[in-house]
$ cat my_file.pdb   # PDB, C-alpha atoms and all ligand atoms
ATOM      1  CA  MET A   1     111.510 141.996 139.147
ATOM      2  CA  LYS A   2     114.154 141.061 136.601
ATOM      3  CA  LYS A   3     114.676 137.720 138.319
ATOM      4  CA  LEU A   4     110.966 137.051 138.196
ATOM      5  CA  THR A   5     110.823 137.767 134.453
ATOM      6  CA  VAL A   6     113.731 135.424 133.805
ATOM      7  CA  LEU A   7     112.077 132.764 135.912
ATOM      8  CA  MET A   8     108.764 133.174 134.099
ATOM      9  CA  LEU A   9     110.518 132.946 130.774
ATOM     10  CA  LEU A  10     112.243 129.775 131.875
ATOM     11  CA  VAL A  11     109.010 128.229 133.116
ATOM     12  CA  SER A  12     107.175 129.137 129.929
ATOM     13  CA  THR A  13     109.935 127.600 127.807
ATOM     14  CA  ILE A  14     109.709 124.400 129.816
ATOM     15  CA  LEU A  15     105.932 124.275 129.728
ATOM     16  CA  PHE A  16     105.124 125.779 126.358
ATOM     17  CA  GLY A  17     108.380 125.611 124.444
ATOM     18  CA  LYS A  18     107.606 122.342 122.769
ATOM     19  CA  VAL A  19     106.571 122.286 119.130
ATOM     20  CA  ARG A  20     102.940 121.213 118.987
ATOM     21  CA  VAL A  21     102.358 118.816 116.138
ATOM     22  CA  VAL A  22      99.059 117.379 114.915
ATOM     23  CA  THR A  23      99.007 114.631 112.300
ATOM     24  CA  SER A  24      96.293 113.053 110.166
ATOM     25  CA  ILE A  25      97.408 109.468 110.847
ATOM     26  CA  THR A  26      99.131 107.596 113.669
ATOM     27  CA  ASP A  27     102.057 106.597 111.453
ATOM     28  CA  PHE A  28     103.161 110.215 111.125
ATOM     29  CA  GLU A  29     102.546 110.651 114.858
ATOM     30  CA  ASP A  30     104.946 107.820 115.598
ATOM     31  CA  ILE A  31     107.630 109.008 113.159
ATOM     32  CA  ALA A  32     107.323 112.584 114.476
ATOM     33  CA  LYS A  33     107.735 111.254 118.028
ATOM     34  CA  THR A  34     110.931 109.503 116.977
ATOM     35  CA  ILE A  35     112.360 112.604 115.303
ATOM     36  CA  GLY A  36     111.059 115.197 117.773
ATOM     37  CA  GLY A  37     111.505 113.368 121.072
ATOM     38  CA  LYS A  38     110.934 115.609 124.089
ATOM     39  CA  ARG A  39     111.109 118.760 121.984
ATOM     40  CA  ILE A  40     107.603 118.177 120.645
ATOM     41  CA  THR A  41     104.124 117.075 121.611
ATOM     42  CA  VAL A  42     102.238 115.186 118.941
ATOM     43  CA  THR A  43      98.759 113.800 118.477
ATOM     44  CA  SER A  44      96.962 112.137 115.567
ATOM     45  CA  ILE A  45      93.433 112.963 114.441
ATOM     46  CA  ALA A  46      92.578 109.544 112.962
ATOM     47  CA  ARG A  47      92.981 106.568 115.251
ATOM     48  CA  GLY A  48      94.871 103.567 113.925
ATOM     49  CA  ASN A  49      91.790 101.374 113.837
ATOM     50  CA  GLN A  50      89.866 103.906 111.769
ATOM     51  CA  ASP A  51      89.467 104.073 107.986
ATOM     52  CA  PRO A  52      91.734 107.022 107.110
ATOM     53  CA  HIS A  53      89.645 107.952 104.048
ATOM     54  CA  TYR A  54      86.628 108.825 106.147
ATOM     55  CA  VAL A  55      87.091 110.792 109.341
ATOM     56  CA  GLU A  56      84.251 112.745 110.853
ATOM     57  CA  VAL A  57      85.287 116.366 111.378
ATOM     58  CA  LEU A  58      84.671 117.297 115.025
ATOM     59  CA  PRO A  59      84.973 120.758 116.627
ATOM     60  CA  SER A  60      87.387 119.280 119.182
ATOM     61  CA  TYR A  61      89.816 118.500 116.334
ATOM     62  CA  MET A  62      89.697 122.141 115.246
ATOM     63  CA  MET A  63      90.481 123.197 118.818
ATOM     64  CA  LYS A  64      93.502 120.899 118.828
ATOM     65  CA  VAL A  65      94.784 122.375 115.568
ATOM     66  CA  ARG A  66      94.114 125.937 116.767
ATOM     67  CA  ARG A  67      96.909 125.528 119.318
ATOM     68  CA  ALA A  68      99.253 123.606 117.007
ATOM     69  CA  ASP A  69     102.437 124.759 115.272
ATOM     70  CA  VAL A  70     102.675 122.048 112.623
ATOM     71  CA  TYR A  71     100.089 119.901 110.821
ATOM     72  CA  LEU A  72     101.254 116.773 108.976
ATOM     73  CA  GLN A  73      98.919 115.740 106.151
ATOM     74  CA  VAL A  74      98.906 112.537 104.095
ATOM     75  CA  GLY A  75      97.919 114.467 100.956
ATOM     76  CA  MET A  76      97.172 112.877  97.574
ATOM     77  CA  GLU A  77      93.457 113.354  98.385
ATOM     78  CA  LEU A  78      93.391 110.718 101.129
ATOM     79  CA  ASP A  79      92.731 113.024 104.087
ATOM     80  CA  LEU A  80      90.605 115.718 102.453
ATOM     81  CA  TRP A  81      88.900 115.984 105.841
ATOM     82  CA  SER A  82      92.080 117.498 107.294
ATOM     83  CA  ARG A  83      91.502 120.582 105.133
ATOM     84  CA  GLN A  84      88.171 121.170 106.888
ATOM     85  CA  ILE A  85      89.789 120.761 110.297
ATOM     86  CA  ILE A  86      92.611 123.149 109.402
ATOM     87  CA  ASP A  87      90.236 125.758 107.935
ATOM     88  CA  GLY A  88      87.971 125.469 110.958
ATOM     89  CA  SER A  89      90.878 125.937 113.346
ATOM     90  CA  ARG A  90      91.483 129.492 112.059
ATOM     91  CA  ASN A  91      95.121 129.123 112.989
ATOM     92  CA  ASN A  92      96.968 131.399 110.595
ATOM     93  CA  LYS A  93     100.382 130.554 112.089
ATOM     94  CA  LEU A  94     100.028 126.860 111.329
ATOM     95  CA  GLN A  95     102.741 125.245 109.217
ATOM     96  CA  ILE A  96     100.875 122.798 106.956
ATOM     97  CA  VAL A  97     103.080 120.003 105.654
ATOM     98  CA  ASP A  98     102.095 117.531 102.947
ATOM     99  CA  CYS A  99     104.155 114.412 103.693
ATOM    100  CA  SER A 100     103.669 113.036 100.169
ATOM    101  CA  GLN A 101     105.765 115.842  98.669
ATOM    102  CA  ASN A 102     108.896 113.806  97.877
ATOM    103  CA  ILE A 103     107.328 110.398  97.449
ATOM    104  CA  ASN A 104     107.711 108.452  94.218
ATOM    105  CA  ARG A 105     103.988 108.046  93.532
ATOM    106  CA  LEU A 106     102.386 104.847  92.294
ATOM    107  CA  GLU A 107      99.221 104.429  90.221
ATOM    108  CA  VAL A 108      98.995 108.021  89.057
ATOM    109  CA  PRO A 109      96.088 107.879  86.587
ATOM    110  CA  THR A 110      96.896 108.801  83.032
ATOM    111  CA  ASP A 111      93.287 108.855  81.844
ATOM    112  CA  LYS A 112      90.547 111.191  82.911
ATOM    113  CA  ILE A 113      88.873 110.131  86.137
ATOM    114  CA  ASP A 114      85.133 109.888  86.575
ATOM    115  CA  ALA A 115      82.813 108.834  89.377
ATOM    116  CA  SER A 116      82.185 105.411  87.832
ATOM    117  CA  MET A 117      85.716 104.387  88.753
ATOM    118  CA  GLY A 118      84.926 104.522  92.480
ATOM    119  CA  ASP A 119      87.011 106.377  94.992
ATOM    120  CA  ILE A 120      90.058 106.853  92.744
ATOM    121  CA  HIS A 121      92.651 109.399  93.773
ATOM    122  CA  SER A 122      93.673 111.649  90.898
ATOM    123  CA  LYS A 123      97.191 112.155  92.278
ATOM    124  CA  GLY A 124      97.959 108.450  92.576
ATOM    125  CA  ASN A 125      97.646 105.870  95.310
ATOM    126  CA  PRO A 126      97.940 107.679  98.665
ATOM    127  CA  HIS A 127      98.906 104.718 100.865
ATOM    128  CA  TYR A 128     102.614 105.461 100.491
ATOM    129  CA  TRP A 129     103.534 105.172 104.198
ATOM    130  CA  LEU A 130     103.209 101.371 103.892
ATOM    131  CA  ASP A 131     106.678 101.158 102.374
ATOM    132  CA  PRO A 132     109.357 101.550 105.096
ATOM    133  CA  ILE A 133     111.714 103.254 102.651
ATOM    134  CA  ASN A 134     109.026 105.876 102.115
ATOM    135  CA  GLY A 135     109.028 106.141 105.915
ATOM    136  CA  ILE A 136     112.530 107.579 105.606
ATOM    137  CA  ILE A 137     111.317 110.173 103.076
ATOM    138  CA  ILE A 138     108.427 111.046 105.396
ATOM    139  CA  ALA A 139     110.877 111.366 108.304
ATOM    140  CA  GLU A 140     113.020 113.766 106.247
ATOM    141  CA  THR A 141     109.983 115.918 105.485
ATOM    142  CA  ILE A 142     109.006 115.912 109.168
ATOM    143  CA  THR A 143     112.567 116.793 110.203
ATOM    144  CA  ASN A 144     112.554 119.854 107.927
ATOM    145  CA  ALA A 145     109.180 120.954 109.316
ATOM    146  CA  LEU A 146     110.388 120.602 112.914
ATOM    147  CA  ILE A 147     113.571 122.548 112.175
ATOM    148  CA  GLU A 148     111.472 125.344 110.709
ATOM    149  CA  ALA A 149     109.294 125.409 113.834
ATOM    150  CA  ASP A 150     112.202 125.025 116.274
ATOM    151  CA  PRO A 151     115.557 126.042 114.714
ATOM    152  CA  ASP A 152     117.379 125.397 118.016
ATOM    153  CA  GLY A 153     116.432 121.748 117.698
ATOM    154  CA  ARG A 154     118.163 121.284 114.350
ATOM    155  CA  GLU A 155     121.052 119.233 115.670
ATOM    156  CA  TYR A 156     118.814 116.959 117.722
ATOM    157  CA  PHE A 157     116.244 116.407 114.959
ATOM    158  CA  THR A 158     118.966 115.715 112.410
ATOM    159  CA  SER A 159     120.654 113.131 114.618
ATOM    160  CA  GLN A 160     117.311 111.451 115.323
ATOM    161  CA  LEU A 161     116.623 111.330 111.574
ATOM    162  CA  LEU A 162     119.982 109.694 110.984
ATOM    163  CA  LYS A 163     119.244 107.108 113.667
ATOM    164  CA  PHE A 164     115.782 106.380 112.244
ATOM    165  CA  THR A 165     117.189 106.084 108.708
ATOM    166  CA  ASN A 166     119.857 103.635 109.856
ATOM    167  CA  ASP A 167     117.330 101.595 111.824
ATOM    168  CA  VAL A 168     114.980 101.286 108.845
ATOM    169  CA  ASN A 169     117.769 100.462 106.403
ATOM    170  CA  GLN A 170     119.120  97.760 108.707
ATOM    171  CA  LEU A 171     115.679  96.288 109.304
ATOM    172  CA  MET A 172     114.991  96.296 105.559
ATOM    173  CA  LYS A 173     118.091  94.141 105.062
ATOM    174  CA  LYS A 174     116.931  91.771 107.806
ATOM    175  CA  TRP A 175     113.354  91.647 106.462
ATOM    176  CA  GLU A 176     114.490  90.973 102.908
ATOM    177  CA  VAL A 177     116.175  87.800 104.158
ATOM    178  CA  GLU A 178     113.663  86.771 106.802
ATOM    179  CA  PHE A 179     110.621  87.234 104.557
ATOM    180  CA  LYS A 180     112.063  86.319 101.170
ATOM    181  CA  ASN A 181     109.381  83.633 100.857
ATOM    182  CA  LEU A 182     106.836  86.376 100.268
ATOM    183  CA  VAL A 183     108.391  87.248  96.913
ATOM    184  CA  GLY A 184     106.074  86.331  94.049
ATOM    185  CA  LYS A 185     103.257  85.197  96.356
ATOM    186  CA  LYS A 186      99.729  86.032  95.215
ATOM    187  CA  VAL A 187      97.528  87.997  97.584
ATOM    188  CA  ILE A 188      94.029  89.413  97.371
ATOM    189  CA  PHE A 189      93.690  92.588  99.420
ATOM    190  CA  TYR A 190      90.441  94.041 100.658
ATOM    191  CA  HIS A 191      91.236  97.628  99.682
ATOM    192  CA  ASN A 192      93.962  98.948  97.415
ATOM    193  CA  SER A 193      96.108 100.122 100.357
ATOM    194  CA  TRP A 194      99.091  97.930  99.601
ATOM    195  CA  PRO A 195     100.796  98.730  96.266
ATOM    196  CA  TYR A 196     103.807 100.368  97.962
ATOM    197  CA  PHE A 197     104.075  97.549 100.489
ATOM    198  CA  SER A 198     103.714  94.866  97.816
ATOM    199  CA  GLU A 199     106.267  96.439  95.540
ATOM    200  CA  ARG A 200     108.791  96.677  98.371
ATOM    201  CA  PHE A 201     108.352  93.095  99.569
ATOM    202  CA  GLY A 202     107.668  91.431  96.208
ATOM    203  CA  LEU A 203     104.045  90.353  96.665
ATOM    204  CA  GLU A 204     101.824  89.905  93.657
ATOM    205  CA  VAL A 205      98.513  91.745  94.082
ATOM    206  CA  VAL A 206      95.905  89.663  92.275
ATOM    207  CA  GLN A 207      92.620  91.370  93.077
ATOM    208  CA  PHE A 208      90.667  93.367  95.655
ATOM    209  CA  VAL A 209      87.593  92.418  97.656
ATOM    210  CA  GLU A 210      86.246  95.846  96.829
ATOM    211  CA  PRO A 211      85.151  95.856  93.180
ATOM    212  CA  LYS A 212      86.289  99.498  93.042
ATOM    213  CA  PRO A 213      88.023 101.492  95.782
ATOM    214  CA  GLY A 214      85.501 102.442  98.460
ATOM    215  CA  ILE A 215      82.728 100.260  96.988
ATOM    216  CA  THR A 216      81.391  97.303  99.009
ATOM    217  CA  PRO A 217      81.620  93.906  97.284
ATOM    218  CA  THR A 218      78.708  92.765  95.117
ATOM    219  CA  PRO A 219      77.658  89.100  94.593
ATOM    220  CA  THR A 220      78.943  89.258  90.990
ATOM    221  CA  HIS A 221      82.332  90.465  92.162
ATOM    222  CA  LEU A 222      82.502  87.773  94.857
ATOM    223  CA  ASP A 223      81.758  85.116  92.219
ATOM    224  CA  LYS A 224      84.598  86.488  90.129
ATOM    225  CA  LEU A 225      86.925  86.370  93.157
ATOM    226  CA  ILE A 226      86.007  82.733  93.864
ATOM    227  CA  ARG A 227      86.936  81.805  90.276
ATOM    228  CA  ILE A 228      90.238  83.723  90.488
ATOM    229  CA  ILE A 229      91.166  82.232  93.885
ATOM    230  CA  GLN A 230      90.599  78.749  92.459
ATOM    231  CA  SER A 231      92.201  79.212  89.045
ATOM    232  CA  ASP A 232      95.234  81.167  90.341
ATOM    233  CA  ASN A 233      95.533  79.087  93.520
ATOM    234  CA  VAL A 234      95.514  82.189  95.753
ATOM    235  CA  LYS A 235      96.271  81.217  99.356
ATOM    236  CA  VAL A 236      95.840  84.508 101.185
ATOM    237  CA  MET A 237      93.339  87.314 101.473
ATOM    238  CA  ALA A 238      94.537  90.224 103.595
ATOM    239  CA  MET A 239      92.286  92.900 105.028
ATOM    240  CA  GLU A 240      92.437  96.107 107.003
ATOM    241  CA  PRO A 241      90.786  95.425 110.392
ATOM    242  CA  TYR A 242      88.183  98.197 110.020
ATOM    243  CA  PHE A 243      86.343  96.389 107.206
ATOM    244  CA  SER A 244      83.492  93.927 107.740
ATOM    245  CA  ASN A 245      84.431  90.242 107.899
ATOM    246  CA  LYS A 246      81.389  89.257 105.895
ATOM    247  CA  ALA A 247      82.828  89.014 102.379
ATOM    248  CA  PRO A 248      86.215  87.587 103.510
ATOM    249  CA  ASP A 249      84.488  84.926 105.630
ATOM    250  CA  PHE A 250      82.262  84.019 102.679
ATOM    251  CA  LEU A 251      85.315  83.660 100.406
ATOM    252  CA  ASN A 252      87.041  81.543 103.043
ATOM    253  CA  LEU A 253      83.998  79.298 103.294
ATOM    254  CA  LYS A 254      83.755  78.868  99.514
ATOM    255  CA  THR A 255      87.449  78.448  98.681
ATOM    256  CA  GLY A 256      89.441  77.891 101.883
ATOM    257  CA  VAL A 257      91.504  81.035 101.229
ATOM    258  CA  ASN A 258      93.217  82.132 104.466
ATOM    259  CA  VAL A 259      91.940  85.462 105.719
ATOM    260  CA  VAL A 260      94.453  87.578 107.619
ATOM    261  CA  LYS A 261      94.094  90.991 109.223
ATOM    262  CA  ILE A 262      97.047  93.300 108.769
ATOM    263  CA  ALA A 263      97.713  96.773 110.098
ATOM    264  CA  GLN A 264      97.414  99.688 107.675
ATOM    265  CA  SER A 265      98.497 102.075 110.437
ATOM    266  CA  VAL A 266     100.097 102.123 113.869
ATOM    267  CA  GLY A 267      97.442 101.052 116.374
ATOM    268  CA  ALA A 268      95.238  99.290 113.814
ATOM    269  CA  ILE A 269      95.755  96.005 115.658
ATOM    270  CA  SER A 270      96.650  95.647 119.320
ATOM    271  CA  GLY A 271     100.394  95.171 119.741
ATOM    272  CA  VAL A 272     101.200  97.266 116.680
ATOM    273  CA  ASP A 273     102.446 100.266 118.627
ATOM    274  CA  SER A 274     105.114 101.697 116.347
ATOM    275  CA  TYR A 275     105.775 102.285 112.686
ATOM    276  CA  ILE A 276     108.510  99.654 112.667
ATOM    277  CA  GLN A 277     106.424  97.117 114.594
ATOM    278  CA  MET A 278     103.719  97.493 111.960
ATOM    279  CA  PHE A 279     105.969  96.018 109.259
ATOM    280  CA  GLU A 280     107.212  93.229 111.518
ATOM    281  CA  PHE A 281     103.630  92.332 112.352
ATOM    282  CA  ASN A 282     102.339  92.425 108.774
ATOM    283  CA  LEU A 283     105.240  90.482 107.303
ATOM    284  CA  LYS A 284     104.886  87.768 109.961
ATOM    285  CA  ALA A 285     101.095  87.596 109.619
ATOM    286  CA  LEU A 286     101.270  87.246 105.822
ATOM    287  CA  THR A 287     103.997  84.625 106.028
ATOM    288  CA  GLU A 288     101.981  82.590 108.564
ATOM    289  CA  ALA A 289      98.856  82.830 106.416
ATOM    290  CA  LEU A 290     100.790  81.652 103.348
ATOM    291  CA  GLU A 291     102.261  78.695 105.185
ATOM    292  CA  LYS A 292      98.990  77.597 106.808
TER     293      LYS A 292
HETATM  294 ZN    ZN B 301      92.596 104.098  99.580
END
$ encode --input "my_file.pdb" --output "structure tokens" --more "lines below"
Ligand SMILES: [Zn+2]
Amino acid sequence: MKKLTVLMLLVSTILFGKVRVVTSITDFEDIAKTIGGKRITVTSIARGNQDPHYVEVLPSYMMKVRRADVYLQVGMELDLWSRQIIDGSRNNKLQIVDCSQNINRLEVPTDKIDASMGDIHSKGNPHYWLDPINGIIIAETITNALIEADPDGREYFTSQLLKFTNDVNQLMKKWEVEFKNLVGKKVIFYHNSWPYFSERFGLEVVQFVEPKPGITPTPTHLDKLIRIIQSDNVKVMAMEPYFSNKAPDFLNLKTGVNVVKIAQSVGAISGVDSYIQMFEFNLKALTEALEK
């Protein structure tokens, strides 16, 4: 009898002992995988090719979260939908982690916000994972959450964090040399997802295809963009793949500006399968578009 109990305990540790993590976006899924390894299972609610601002809340997502130990949120009002999923899961043991907690936030509004400004986030721009150095901060937050859920894993998680941190720091050094031609280059982005990325790699953000965040381009705004592209000699317009090509193609036709699709998340574009690959891909794609 005693043997059987021990055996059952062993089996249940092997089968169910992993920390179950659910994330809002694939980038956190990938970082959590790196830190947690075989000690965790992890799944993302939003797919990489989906607009992370708008995710339809499905009952199946609530079921996923019901069985989870940890939920990793973007925060800063980007994934408000995750709140609905978490509430609907009725999982009162869930550890809810806001990965923006230690981020140095950009574009925090100083004035009062109103609806006329479009989809502005009152806590600042929430696209902070697009700076690899912020990836290290996110990884630290995830490491602490995993240690809380699985204290026996502390040593493993900590060593994985150290490895990830070293990898990112080394790659940053390589990227700074390899992609130094991006510094000072003017880019028009479709949506304001790239302030952290641009600050890190020295790009100059000139304008957005969206007249206001979350608002589709109007003819007046497109006219304004054509004038800016011509007067400022803007070579590149970069877009998240989930937006319509219509306005970018029109701008290309009118001005010859090179349109390039870049990945705002892991899985946004085929071949972008990891957080680190995402930066490699985007930096290469922007460089190619600038040199075209
Ligand atoms: Zn946004």
$ resolve_selection --input "my_file.pdb" --expression "the PyMOL selection byres (((not hetatm)) within 7 of (chain B and resi 301))" --output "PyMOL selection string"
chain A and resi 53+78+125-127+191-193+213
$ residues_near_point --input "my_file.pdb" --point "(85.3, 94.4, 93.7)" --cutoff "10 Å" --atoms "all atoms listed in the file" --output "NGL selection string"
:A and (190-191 or 207-222 or 224-225)
$ resolve_selection --input "my_file.pdb" --expression "the PyMOL selection byres (((chain A and resi 145) around 12) and not hetatm)" --output "ChimeraX atom specification"
/A:19-21,32,35-36,40,69-73,94-99,138-144,146-151,153-154,157-158
$ residues_near_point --input "my_file.pdb" --point "(112.0, 101.2, 106.8)" --cutoff "6 Å" --atoms "all atoms listed in the file" --output "ChimeraX atom specification"
/A:132-133,135,168-169,172
$ residues_around --input "my_file.pdb" --residues "Trp194 (chain A)" --least-positions-apart "4" --cutoff "8 Å" --atoms "all atoms listed in the file" --output "list of chain:residue names"
A:His127, A:Leu130, A:Phe189, A:Ser198
$ write_last_selection --input "my_file.pdb" --atoms "C-alpha atoms" --output "PDB file, in the frame of the given file"
ATOM      1  CA  HIS A 127      98.906 104.718 100.865  1.00  0.00           C
ATOM      2  CA  LEU A 130     103.209 101.371 103.892  1.00  0.00           C
ATOM      3  CA  PHE A 189      93.690  92.588  99.420  1.00  0.00           C
ATOM      4  CA  SER A 198     103.714  94.866  97.816  1.00  0.00           C
TER       5      SER A 198
END
$ resolve_selection --input "my_file.pdb" --expression "the PyMOL selection byres (((chain A and resi 292) around 10) and not hetatm)" --output "short mmCIF file (atom, residue, chain, number, x, y, z; two decimals) with C-alpha atoms, in the frame of the given file"
data_model
loop_
_atom_site.label_atom_id
_atom_site.label_comp_id
_atom_site.auth_asym_id
_atom_site.auth_seq_id
_atom_site.Cartn_x
_atom_site.Cartn_y
_atom_site.Cartn_z
CA LYS A 235 96.27 81.22 99.36
CA VAL A 236 95.84 84.51 101.18
CA VAL A 257 91.50 81.04 101.23
CA ASN A 258 93.22 82.13 104.47
CA LEU A 286 101.27 87.25 105.82
CA THR A 287 104.00 84.62 106.03
CA GLU A 288 101.98 82.59 108.56
CA ALA A 289 98.86 82.83 106.42
CA LEU A 290 100.79 81.65 103.35
CA GLU A 291 102.26 78.69 105.18
#
$ atom_distance --input "my_file.pdb" --atom1 "CA of Gln84 (chain A)" --atom2 "CA of Pro59 (chain A)"
10.3 Å
$ closest_residue --input "my_file.pdb" --among "A:Glu176, A:Asp273, A:Asp114, A:Asp232" --to "Asp27 (chain A)" --atoms "all atoms listed in the file"
A:Asp273
$ atom_distance --input "my_file.pdb" --atom1 "CA of Asp223 (chain A)" --atom2 "CA of Val205 (chain A)"
18.1 Å
$ residues_around --input "my_file.pdb" --residues "Leu283 (chain A)" --least-positions-apart "5" --cutoff "9 Å" --atoms "all atoms listed in the file" --output "PyMOL selection string"
chain A and resi 175+179+182+201+262+278+288
